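Note: the block below is query-v3.cif and it holds mmCIF, C-alpha atoms.
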```cif
data_target
loop_
_atom_site.label_atom_id
_atom_site.label_comp_id
_atom_site.auth_asym_id
_atom_site.auth_seq_id
_atom_site.Cartn_x
_atom_site.Cartn_y
_atom_site.Cartn_z
CA MET A 1 113.27 65.30 91.71
CA LYS A 2 116.05 62.70 91.72
CA THR A 3 117.67 61.92 95.07
CA SER A 4 121.05 60.36 95.83
CA THR A 5 122.98 59.11 98.81
CA VAL A 6 125.85 61.31 100.01
CA ASP A 7 129.15 59.42 100.25
CA TYR A 8 131.25 61.42 102.69
CA PRO A 9 134.98 61.36 101.88
CA ALA A 10 137.48 60.09 104.39
CA THR A 11 138.90 62.60 106.86
CA ARG A 12 141.85 64.67 105.69
CA THR A 13 143.85 63.89 108.82
CA GLY A 14 145.70 60.64 108.59
CA GLY A 15 143.83 58.68 111.26
CA SER A 16 140.23 57.74 111.77
CA GLY A 17 139.57 60.75 113.98
CA SER A 18 138.67 60.97 117.63
CA GLY A 19 135.39 61.08 119.47
CA SER A 20 132.17 59.18 118.78
CA GLY A 21 130.98 58.08 115.36
CA ALA A 22 128.31 60.79 115.31
CA GLN A 23 130.89 63.50 115.87
CA HIS A 24 133.17 61.98 113.24
CA GLN A 25 130.28 61.88 110.74
CA LEU A 26 129.54 65.58 111.32
CA LEU A 27 133.16 66.48 110.67
CA ARG A 28 133.19 64.48 107.45
CA PHE A 29 129.94 66.12 106.41
CA ALA A 30 131.35 69.62 107.00
CA ARG A 31 134.40 68.80 104.90
CA ALA A 32 132.23 67.30 102.15
CA VAL A 33 130.18 70.52 102.01
CA GLU A 34 133.37 72.55 101.76
CA ASP A 35 134.62 70.35 98.92
CA ALA A 36 131.24 70.57 97.16
CA PHE A 37 131.56 74.36 97.03
CA GLU A 38 134.77 73.97 95.04
CA GLN A 39 132.94 71.85 92.46
CA VAL A 40 130.60 74.74 91.57
CA ALA A 41 132.99 77.66 92.15
CA GLY A 42 133.31 78.43 88.44
CA THR A 43 129.76 77.62 87.38
CA PRO A 44 128.11 80.75 85.88
CA ALA A 45 124.75 81.62 87.43
CA TRP A 46 123.70 83.56 84.33
CA SER A 47 123.41 80.28 82.39
CA MET A 48 120.45 79.18 84.55
CA THR A 49 116.85 79.63 83.50
CA PRO A 50 114.70 81.96 85.65
CA GLU A 51 112.87 78.92 87.05
CA GLU A 52 116.17 77.29 88.01
CA GLN A 53 117.35 80.52 89.63
CA ARG A 54 114.14 80.82 91.64
CA GLU A 55 114.34 77.23 92.87
CA THR A 56 118.07 77.44 93.62
CA LEU A 57 117.65 80.60 95.70
CA THR A 58 114.88 79.09 97.81
CA VAL A 59 116.81 75.84 98.29
CA LEU A 60 119.95 77.76 99.32
CA GLN A 61 117.92 79.68 101.90
CA ARG A 62 116.74 76.40 103.43
CA VAL A 63 120.30 75.05 103.35
CA GLN A 64 121.52 78.14 105.22
CA SER A 65 118.95 77.52 107.96
CA ARG A 66 119.88 73.85 108.26
CA LEU A 67 123.59 74.64 108.38
CA ALA A 68 122.93 77.25 111.07
CA GLU A 69 121.14 74.65 113.20
CA LEU A 70 124.00 72.19 112.75
CA GLU A 71 126.55 74.85 113.64
CA MET A 72 124.70 75.70 116.85
CA ARG A 73 124.30 72.03 117.75
CA VAL A 74 128.06 71.59 117.50
CA LEU A 75 128.68 74.93 119.20
CA VAL A 76 126.69 74.11 122.34
CA ALA A 77 128.45 70.74 122.63
CA ALA A 78 131.84 72.43 122.16
CA ASP A 79 131.00 74.96 124.86
CA ARG A 80 130.17 72.19 127.32
CA ASN A 81 133.41 70.43 126.45
CA GLY A 82 135.41 73.62 127.07
CA VAL A 83 136.75 73.52 123.53
CA GLY A 84 138.94 76.58 124.03
CA ALA A 85 140.57 75.47 127.29
CA ASP A 86 143.63 73.83 125.65
CA SER A 87 144.55 77.11 123.93
CA GLY A 88 144.08 79.18 127.08
CA ALA A 89 140.93 80.90 125.80
CA THR A 90 138.75 82.38 128.54
CA SER A 91 135.54 81.16 126.89
CA THR A 92 134.20 79.33 123.87
CA ALA A 93 133.20 82.67 122.35
CA ALA A 94 136.74 84.01 122.78
CA TRP A 95 138.23 80.90 121.17
CA LEU A 96 135.73 81.00 118.27
CA ALA A 97 136.34 84.70 117.64
CA ASP A 98 140.08 84.08 117.41
CA ALA A 99 139.70 80.98 115.22
CA THR A 100 137.21 82.46 112.75
CA ARG A 101 138.03 86.20 112.89
CA ARG A 102 134.46 87.00 113.85
CA THR A 103 133.75 89.64 116.45
CA ARG A 104 133.65 88.56 120.09
CA ALA A 105 130.14 90.01 120.44
CA ARG A 106 128.79 87.96 117.54
CA CYS A 107 130.38 84.77 118.83
CA SER A 108 129.00 85.38 122.33
CA THR A 109 125.55 85.88 120.84
CA GLY A 110 125.93 82.63 118.93
CA VAL A 111 126.89 80.65 122.02
CA ARG A 112 123.97 82.10 124.00
CA LEU A 113 121.49 81.36 121.22
CA ALA A 114 122.81 77.82 120.78
CA THR A 115 122.41 77.19 124.50
CA GLU A 116 118.91 78.68 124.55
CA LEU A 117 117.78 76.49 121.64
CA ASP A 118 119.25 73.38 123.24
CA GLU A 119 117.76 74.00 126.69
CA SER A 120 114.46 75.80 126.14
CA PHE A 121 113.48 76.02 122.45
CA SER A 122 113.52 72.50 121.04
CA ARG A 123 110.60 73.20 118.68
CA THR A 124 112.33 76.24 117.20
CA ARG A 125 115.58 74.32 116.79
CA GLU A 126 113.72 71.53 114.99
CA ALA A 127 112.02 74.05 112.68
CA LEU A 128 115.44 75.56 111.89
CA ARG A 129 116.85 72.08 111.22
CA LYS A 130 114.09 71.43 108.71
CA GLY A 131 114.58 74.82 107.04
CA ARG A 132 111.10 76.03 108.01
CA VAL A 133 112.47 79.19 109.66
CA ASN A 134 115.58 81.28 109.13
CA LEU A 135 118.11 82.49 111.69
CA ASP A 136 116.68 86.03 111.82
CA GLN A 137 113.28 84.60 112.71
CA VAL A 138 114.85 82.36 115.36
CA HIS A 139 116.42 85.39 117.10
CA VAL A 140 113.00 87.08 117.14
CA ILE A 141 111.18 84.03 118.52
CA VAL A 142 113.66 83.48 121.34
CA GLU A 143 113.72 87.14 122.34
CA ALA A 144 109.92 87.54 122.20
CA VAL A 145 109.23 84.47 124.34
CA ASN A 146 111.91 85.44 126.87
CA VAL A 147 110.60 89.01 127.15
CA LEU A 148 107.07 87.69 127.67
CA THR A 149 108.05 85.40 130.53
CA GLU A 150 110.30 88.03 132.13
CA GLU A 151 107.60 90.74 132.08
CA TYR A 152 104.81 88.53 133.44
CA ASP A 153 105.73 86.22 136.30
CA ASP A 154 102.25 84.78 136.92
CA LEU A 155 101.58 83.19 133.52
CA PRO A 156 99.75 79.85 133.41
CA SER A 157 101.66 76.59 133.01
CA GLY A 158 102.56 75.82 129.40
CA THR A 159 102.69 79.49 128.37
CA ARG A 160 106.22 79.28 126.91
CA ASP A 161 105.28 76.34 124.71
CA LEU A 162 102.08 78.05 123.55
CA ALA A 163 103.92 81.29 122.72
CA GLU A 164 106.71 79.47 120.87
CA GLU A 165 104.25 77.43 118.79
CA HIS A 166 102.27 80.56 117.95
CA LEU A 167 105.34 82.40 116.66
CA LEU A 168 106.51 79.36 114.69
CA ASP A 169 103.14 79.28 112.94
CA LEU A 170 103.42 83.00 112.14
CA ALA A 171 106.99 82.51 110.87
CA GLY A 172 105.56 80.50 107.98
CA GLU A 173 103.89 83.68 106.72
CA PHE A 174 105.86 86.68 108.01
CA ASP A 175 109.49 87.81 107.86
CA ALA A 176 111.58 88.66 110.92
CA VAL A 177 110.57 92.34 111.01
CA VAL A 178 106.82 91.69 111.01
CA LEU A 179 107.31 88.68 113.28
CA GLY A 180 109.07 90.96 115.76
CA ARG A 181 106.09 93.31 115.82
CA LEU A 182 103.71 90.41 116.33
CA GLY A 183 105.98 89.01 119.02
CA LYS A 184 105.49 92.15 121.08
CA ARG A 185 101.80 91.22 121.32
CA LEU A 186 102.25 87.63 122.53
CA PHE A 187 100.42 88.51 125.72
CA GLU A 188 97.22 88.79 123.67
CA VAL A 189 97.58 85.13 122.68
CA VAL A 190 98.36 83.66 126.09
CA CYS A 191 96.14 85.97 128.18
CA PRO A 192 93.67 87.63 125.79
CA GLU A 193 91.30 88.74 128.54
CA ALA A 194 93.92 90.99 130.16
CA ALA A 195 95.92 91.93 127.07
CA ASP A 196 94.16 95.12 125.96
CA ALA A 197 94.30 96.79 129.35
CA ALA A 198 97.95 95.79 129.86
CA GLU A 199 99.00 97.01 126.42
CA GLY A 200 97.08 100.26 126.80
CA GLU A 201 98.81 100.94 130.11
CA ARG A 202 102.23 100.17 128.63
CA LEU A 203 101.62 102.37 125.57
CA ALA A 204 100.40 105.25 127.73
CA HIS A 205 103.65 105.12 129.74
CA GLU A 206 105.70 104.97 126.53
CA GLU A 207 103.82 107.93 125.03
CA GLU A 208 104.30 110.05 128.14
CA ARG A 209 108.01 109.24 128.15
CA ALA A 210 108.29 109.86 124.39
CA ARG A 211 106.85 113.37 124.77
CA ARG A 212 109.44 114.18 127.42
CA LEU A 213 112.25 112.90 125.20
CA ALA A 214 111.09 114.60 121.99
CA SER A 215 113.86 116.70 120.43
CA PHE A 216 114.98 118.24 117.14
CA THR A 217 118.39 119.58 116.14
CA VAL A 218 119.77 120.81 112.81
CA ARG A 219 123.32 121.78 111.83
CA ASP A 220 124.53 123.74 108.79
CA ASN A 221 127.34 121.84 107.04
CA GLY A 222 128.60 124.97 105.30
CA ASP A 223 128.41 123.36 101.85
CA GLY A 224 124.84 124.16 100.94
CA THR A 225 123.43 121.29 102.95
CA ALA A 226 122.33 120.79 106.52
CA GLU A 227 121.75 117.67 108.55
CA GLY A 228 119.90 117.02 111.73
CA ARG A 229 118.51 114.53 114.19
CA PHE A 230 115.10 114.16 115.69
CA ARG A 231 113.43 112.02 118.28
CA LEU A 232 109.66 111.86 118.15
CA PRO A 233 106.84 109.82 119.62
CA THR A 234 105.89 106.91 117.35
CA LEU A 235 102.63 108.59 116.36
CA HIS A 236 104.30 111.75 115.06
CA ALA A 237 107.05 109.80 113.30
CA GLU A 238 104.35 107.75 111.53
CA LEU A 239 102.55 110.95 110.52
CA LEU A 240 105.75 112.34 109.02
CA LYS A 241 106.56 109.10 107.20
CA LYS A 242 103.07 108.81 105.75
CA ALA A 243 103.15 112.42 104.60
CA LEU A 244 106.44 111.84 102.77
CA GLU A 245 105.20 108.59 101.21
CA SER A 246 102.09 110.39 99.96
CA LEU A 247 104.23 113.09 98.38
CA THR A 248 106.53 110.55 96.71
CA SER A 249 104.05 107.91 95.49
CA PRO A 250 104.89 106.54 92.01
CA ARG A 251 101.64 107.70 90.41
CA ARG A 252 102.07 111.25 91.75
CA LEU A 253 105.73 111.71 90.83
CA GLY A 254 105.85 109.82 87.54
CA GLU A 255 109.09 110.74 85.81
CA GLY A 256 110.10 112.68 88.91
CA ARG A 257 111.27 109.36 90.39
CA ILE A 258 114.02 109.15 87.74
CA ASP A 259 117.41 110.81 88.14
CA PRO A 260 117.70 113.04 85.02
CA LYS A 261 121.49 112.61 84.93
CA THR A 262 121.74 108.82 85.23
CA GLY A 263 118.31 107.71 84.01
CA LYS A 264 118.02 105.40 87.04
CA LYS A 265 115.32 105.34 89.68
CA LEU A 266 116.09 107.40 92.76
CA ASP A 267 116.57 105.31 95.88
CA TYR A 268 113.93 105.30 98.62
CA ARG A 269 115.89 107.54 101.02
CA THR A 270 116.49 110.16 98.34
CA LEU A 271 112.83 110.13 97.37
CA LEU A 272 111.78 110.74 100.97
CA GLY A 273 114.32 113.56 101.15
CA HIS A 274 112.70 115.20 98.13
CA GLY A 275 109.30 114.67 99.71
CA PHE A 276 110.52 116.36 102.89
CA MET A 277 111.67 119.36 100.85
CA GLU A 278 108.27 119.62 99.16
CA LEU A 279 106.52 119.29 102.51
CA LEU A 280 108.46 122.28 103.85
CA GLU A 281 108.17 124.36 100.69
CA SER A 282 104.58 123.79 99.65
CA HIS A 283 102.66 122.55 102.65
CA LEU A 284 104.28 124.20 105.65
CA ALA A 285 104.85 127.67 104.21
CA VAL A 286 104.37 130.29 106.93
CA ASP A 287 101.65 132.17 105.06
CA ARG A 288 99.71 128.94 104.56
CA LEU A 289 99.87 127.49 108.04
CA PRO A 290 96.31 126.76 109.23
CA THR A 291 94.98 128.80 112.09
CA GLN A 292 92.91 125.95 113.55
CA GLY A 293 94.90 122.88 112.61
CA GLY A 294 94.71 120.93 109.40
CA SER A 295 96.83 118.64 107.25
CA PRO A 296 96.72 117.35 103.64
CA PHE A 297 97.63 113.87 104.90
CA THR A 298 95.37 111.40 106.65
CA LEU A 299 96.31 108.90 109.34
CA VAL A 300 93.72 106.28 110.22
CA VAL A 301 93.37 105.21 113.86
CA THR A 302 91.41 101.97 114.28
CA ILE A 303 89.89 101.33 117.69
CA GLY A 304 87.06 99.33 119.20
CA LEU A 305 84.02 101.25 120.36
CA ASP A 306 84.40 100.05 123.96
CA ALA A 307 88.04 101.14 124.09
CA LEU A 308 87.18 104.52 122.56
CA MET A 309 84.45 105.15 125.13
CA SER A 310 86.44 103.98 128.15
CA GLY A 311 89.90 105.15 127.13
CA ILE A 312 91.28 101.77 128.27
CA GLY A 313 93.11 99.59 125.78
CA ALA A 314 94.97 100.19 122.54
CA ALA A 315 94.39 101.36 118.98
CA SER A 316 96.10 100.55 115.67
CA LEU A 317 97.55 103.01 113.15
CA ASP A 318 97.20 102.20 109.46
CA THR A 319 101.00 102.47 109.25
CA GLY A 320 101.37 99.45 111.56
CA GLY A 321 102.04 101.29 114.85
CA ARG A 322 100.04 101.10 118.08
CA ILE A 323 98.94 103.84 120.47
CA SER A 324 96.95 103.84 123.69
CA ALA A 325 93.18 104.29 123.64
CA GLY A 326 93.61 107.48 125.65
CA GLU A 327 95.88 108.93 122.97
CA ALA A 328 93.36 107.92 120.30
CA ARG A 329 90.60 109.78 122.15
CA ARG A 330 92.79 112.88 122.41
CA LEU A 331 93.40 112.78 118.65
CA GLY A 332 89.74 112.28 117.75
CA CYS A 333 89.18 115.92 116.81
CA LYS A 334 92.53 116.54 115.12
CA ALA A 335 92.59 117.36 111.42
CA GLY A 336 94.40 114.83 109.27
CA ILE A 337 93.44 111.95 111.57
CA ILE A 338 90.39 109.80 110.92
CA PRO A 339 89.10 107.34 113.54
CA MET A 340 87.87 103.99 112.21
CA VAL A 341 85.68 102.74 115.02
CA LEU A 342 84.94 99.01 115.03
CA GLY A 343 81.59 98.06 116.46
CA GLY A 344 80.11 101.57 116.18
CA ASP A 345 78.59 103.75 113.45
CA SER A 346 80.78 104.27 110.39
CA VAL A 347 80.76 106.16 107.11
CA PRO A 348 78.85 104.22 104.38
CA LEU A 349 81.46 102.31 102.38
CA ASP A 350 79.40 100.88 99.47
CA LEU A 351 78.54 103.14 96.54
CA GLY A 352 77.14 100.50 94.17
CA ARG A 353 76.86 101.74 90.60
CA GLU A 354 76.33 105.42 91.38
CA GLN A 355 80.04 106.27 91.32
CA ARG A 356 82.87 104.75 89.29
CA LEU A 357 85.83 105.75 91.49
CA PHE A 358 86.32 104.61 95.07
CA ASN A 359 85.96 107.42 97.57
CA LYS A 360 88.32 108.45 100.34
CA TYR A 361 86.69 106.33 103.04
CA GLN A 362 86.63 103.19 100.93
CA ARG A 363 90.34 103.62 100.23
CA LEU A 364 90.98 104.01 103.94
CA ALA A 365 89.02 100.84 104.65
CA MET A 366 91.00 98.94 102.00
CA ALA A 367 94.26 100.23 103.49
CA HIS A 368 93.11 98.98 106.89
CA ARG A 369 92.24 95.56 105.49
CA TYR A 370 95.37 94.96 103.41
CA GLY A 371 98.02 97.28 104.85
CA GLY A 372 99.23 98.28 101.37
CA CYS A 373 99.36 96.51 98.02
CA ALA A 374 97.31 93.29 98.14
CA ALA A 375 99.83 91.35 96.01
CA ALA A 376 101.50 88.62 98.06
CA ASN A 377 105.09 89.56 97.28
CA CYS A 378 104.72 93.36 97.40
CA ASP A 379 105.67 95.74 100.22
CA ARG A 380 104.32 99.01 98.74
CA PRO A 381 102.62 101.11 101.47
CA PRO A 382 98.98 102.32 101.37
CA ALA A 383 100.06 105.75 100.12
CA TRP A 384 101.42 104.16 96.91
CA VAL A 385 98.45 102.01 95.90
CA GLU A 386 95.48 102.46 93.59
CA ALA A 387 91.98 101.00 93.95
CA HIS A 388 91.25 98.25 91.41
CA HIS A 389 87.86 96.75 90.43
CA PRO A 390 88.42 92.95 90.17
CA LYS A 391 85.11 92.84 88.32
CA PRO A 392 85.50 95.83 85.95
CA TRP A 393 83.09 98.71 86.45
CA ALA A 394 82.45 98.80 82.70
CA GLN A 395 81.23 95.19 82.92
CA GLY A 396 78.79 95.83 85.75
CA GLY A 397 81.21 95.72 88.67
CA ARG A 398 80.11 97.69 91.73
CA THR A 399 82.16 100.36 93.48
CA ASP A 400 82.07 98.76 96.91
CA LEU A 401 84.53 97.05 99.24
CA ASP A 402 83.69 93.55 98.05
CA ASN A 403 84.84 94.62 94.59
CA GLY A 404 87.81 96.72 95.68
CA LEU A 405 91.47 95.69 95.73
CA PRO A 406 94.41 98.00 96.55
CA LEU A 407 97.27 97.43 94.10
CA CYS A 408 100.48 99.34 93.43
CA PRO A 409 100.85 100.65 89.83
CA PRO A 410 102.91 97.67 88.53
CA HIS A 411 100.49 95.10 89.99
CA HIS A 412 97.51 97.20 88.88
CA HIS A 413 98.92 97.05 85.36
CA MET A 414 99.16 93.24 85.63
CA ALA A 415 95.55 93.02 86.88
CA ASP A 416 94.40 95.09 83.89
CA HIS A 417 96.12 92.71 81.44
CA PRO A 418 94.73 89.22 82.18
CA GLU A 419 95.89 88.07 78.76
CA SER A 420 99.47 88.31 80.04
CA TRP A 421 99.09 87.79 83.77
CA ASN A 422 97.12 85.30 85.83
CA MET A 423 95.76 86.70 89.13
CA LYS A 424 95.11 84.05 91.79
CA TRP A 425 93.15 84.84 94.95
CA LEU A 426 94.74 83.67 98.23
CA PRO A 427 92.96 82.49 101.41
CA SER A 428 94.17 85.63 103.16
CA GLY A 429 92.19 87.79 100.71
CA GLY A 430 95.28 88.96 98.83
CA VAL A 431 96.34 87.93 95.34
CA ARG A 432 99.36 86.45 93.59
CA PHE A 433 100.37 87.17 89.98
CA ASN A 434 102.06 84.77 87.56
CA ARG A 435 103.00 85.43 83.96
CA ARG A 436 100.97 83.32 81.55
CA GLN A 437 103.03 80.91 79.49
#
```
Would you give me this structure, written as structure tokens?
Amino acid sequence: MKTSTVDYPATRTGGSGSGSGAQHQLLRFARAVEDAFEQVAGTPAWSMTPEEQRETLTVLQRVQSRLAELEMRVLVAADRNGVGADSGATSTAAWLADATRRTRARCSTGVRLATELDESFSRTREALRKGRVNLDQVHVIVEAVNVLTEEYDDLPSGTRDLAEEHLLDLAGEFDAVVLGRLGKRLFEVVCPEAADAAEGERLAHEEERARRLASFTVRDNGDGTAEGRFRLPTLHAELLKKALESLTSPRRLGEGRIDPKTGKKLDYRTLLGHGFMELLESHLAVDRLPTQGGSPFTLVVTIGLDALMSGIGAASLDTGGRISAGEARRLGCKAGIIPMVLGGDSVPLDLGREQRLFNKYQRLAMAHRYGGCAAANCDRPPAWVEAHHPKPWAQGGRTDLDNGLPLCPPHHHMADHPESWNMKWLPSGGVRFNRRQ
């Protein structure tokens, strides 16, 4: 790729500007960027090739990160210089809100984050400057490290640096939402020997509180609809969500995912609403309610054998949530919930050549391993995937976990058409698809 030297234009104010050369150069750079936008204002994006569009979008994302770092670098310096004092502003955030028409809350958050990066998160600021992380990830990293050090006051020396580096490494693979979930488990990285017991105790307190706060209300709108609110423990909310995703999976609904009036796909919220209606009509009918428990949906709780036996520690849900080991033990005999015990006896998962289709337990194991579709750029949940034989069964492929891959219907279709799509295995065990040229 060809590179060139940027020639910043002279300042628009008559003189040479005030302050040091570095400050003057930053001002000229900001104005040059603003002028550069005008040069492409009328350029149509539709005239680009798909490859150019892909590259441009990724470059622009890096540019946004680098501009954000520059903005915060200037912002923290302006705050220390009392940039709003001459106009009578009570704070830098107040001056910035007035000058840019942003909300005071957002400007205050910006000043705090800029100060935090300058004083305590030099590695994160450098990663942002290089475009390795985005601003959403930066917010998560700063909050997670601060929460860790506030909750535990007896952490070993160097803990902050270790935690920050760990999250920066994860940021290269995960978005801000997943990074936030991983950030809540930083204690496991810095103090792994005490992490399980501490998390189990915290989750047990949260679960007890969640049961006390559980509520459900519904109101008739008088127009043929009703709306309501609920507050449930994480476990029960995950059960409900998984049930609705199972009822609205693409393979199950088929054409039912299309709005018959517009011919367009129904949005995710509407689909879940339809699934909720079916759940109430067909699966929770009064005359069909089980007398001893039971559910058509399965939630997998993964827990170590030691934690299951002792009740101390934590367990993972296949939906991504976490519950205490004590709660997992309580749920062990509940219908619709299957424990996947690590380190203990398990259901046989390899069927060899005796059966063509993967069974229920193999699918659960694949869901545990991949968390949904195994394609790198896909976010379809486990309830929406199908089990694929990378080595086709008809060609001698075995029906076992080593030859099983969960793929959503579109990616399954790509895997079944290697003449059109190339499937590349990734170090993580997932796959990436590219159209053959």
What residues come out when you apply the PyMOL selection byres ((chain A and resi 165) around 12) to this file, written as a PyMOL selection string? chain A and resi 121-127+141-142+145+158-164+166-172+183+186+189-190
Protein and nucleic acid residues near (93.0, 96.4, 119.8) (cut-off 7 Å, only C-alpha atoms) as JSON, numbers by chain: {"A": [196, 303, 304, 313, 314, 315, 316]}
Residues at most 10 Å from Ala307 in chain A, counting only C-alpha atoms, excluding those fewer than 2 positions away in the same chain, as a list of chain:residue names?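 In the requested form, the answer reads A:Asp196, A:Ala197, A:Gly200, A:Ile303, A:Gly304, A:Leu305, A:Met309, A:Ser310, A:Gly311, A:Ile312, A:Gly313, A:Ala314, A:Ala315, A:Ser324, A:Ala325, A:Gly326, A:Ala328, A:Arg329, A:Val341, A:Leu342.
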Write out as a PDB file with C-alpha atoms, in the coordinates of the input the residues lying within 9 Å of range 234-238 of chain A, counting all atoms listed in the file and excluding same-chain residues fewer than 4 positions away.
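Below you can see part_22.pdb, which holds the result:
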```
ATOM      1  CA  GLU A 207     103.820 107.930 125.030  1.00  0.00           C
ATOM      2  CA  ALA A 210     108.290 109.860 124.390  1.00  0.00           C
ATOM      3  CA  LYS A 242     103.070 108.810 105.750  1.00  0.00           C
ATOM      4  CA  ALA A 243     103.150 112.420 104.600  1.00  0.00           C
ATOM      5  CA  LEU A 299      96.310 108.900 109.340  1.00  0.00           C
ATOM      6  CA  LEU A 317      97.550 103.010 113.150  1.00  0.00           C
ATOM      7  CA  THR A 319     101.000 102.470 109.250  1.00  0.00           C
ATOM      8  CA  GLY A 320     101.370  99.450 111.560  1.00  0.00           C
ATOM      9  CA  GLY A 321     102.040 101.290 114.850  1.00  0.00           C
ATOM     10  CA  ARG A 322     100.040 101.100 118.080  1.00  0.00           C
ATOM     11  CA  ILE A 323      98.940 103.840 120.470  1.00  0.00           C
TER      12      ILE A 323
END
```
Which residue out of A:Arg269, A:Tyr370, A:Pro392, A:Ala375 has the minimum interatomic distance to Asn434 in chain A when all atoms listed in the file are used?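 Nearest to Asn434 in chain A: A:Ala375.
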Let me know the residues the PyMOL selection byres ((chain A and resi 273) around 12) catches in the file above, as a PyMOL selection string. chain A and resi 227+240-241+243-245+247-248+257+266-272+274-280
Point-to-point distance from CA of Ala30 in chain A to CA of Ala176 in chain A, Å rounded to tenths: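 Taking CA of Ala30 in chain A and CA of Ala176 in chain A, their separation equals 27.7 Å.
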Considering all atoms listed in the file, can you say which of A:Gly131, A:Glu173, A:Ala78, A:Ser246 comes closest to Val59 in chain A?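 Once distances to Val59 in chain A are computed over all atoms listed in the file, the minimum belongs to A:Gly131.
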What's the 9 Å shell around Pro250 in chain A, counting only C-alpha atoms, without same-chain residues fewer than 2 positions away, as an NGL selection string? :A and (248 or 252-257 or 384-385 or 408-409)
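Picture a line from CA of Ala97 in chain A to CA of Val83 in chain A; it runs 12.6 Å.
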Can you turn the PyMOL selection byres ((chain A and resi 391) around 12) into a concrete residue list for this file, as JSON, numbers by chain? {"A": [388, 389, 390, 392, 393, 394, 395, 396, 397, 398, 399, 400, 401, 402, 403, 404, 405, 415, 416, 418]}
Extract, using only C-alpha atoms, all DNA, RNA and protein residues at most 7 Å from Phe230 in chain A, discarding same-chain residues fewer than 2 positions from it, and format them as a count of residues only. 5
From the options A:Leu96, A:Cys378, A:Leu75, A:Val133, which residue's atoms come nearest to Thr115 in chain A, counting all atoms listed in the file?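 Under the stated criterion, the closest residue is A:Leu75.
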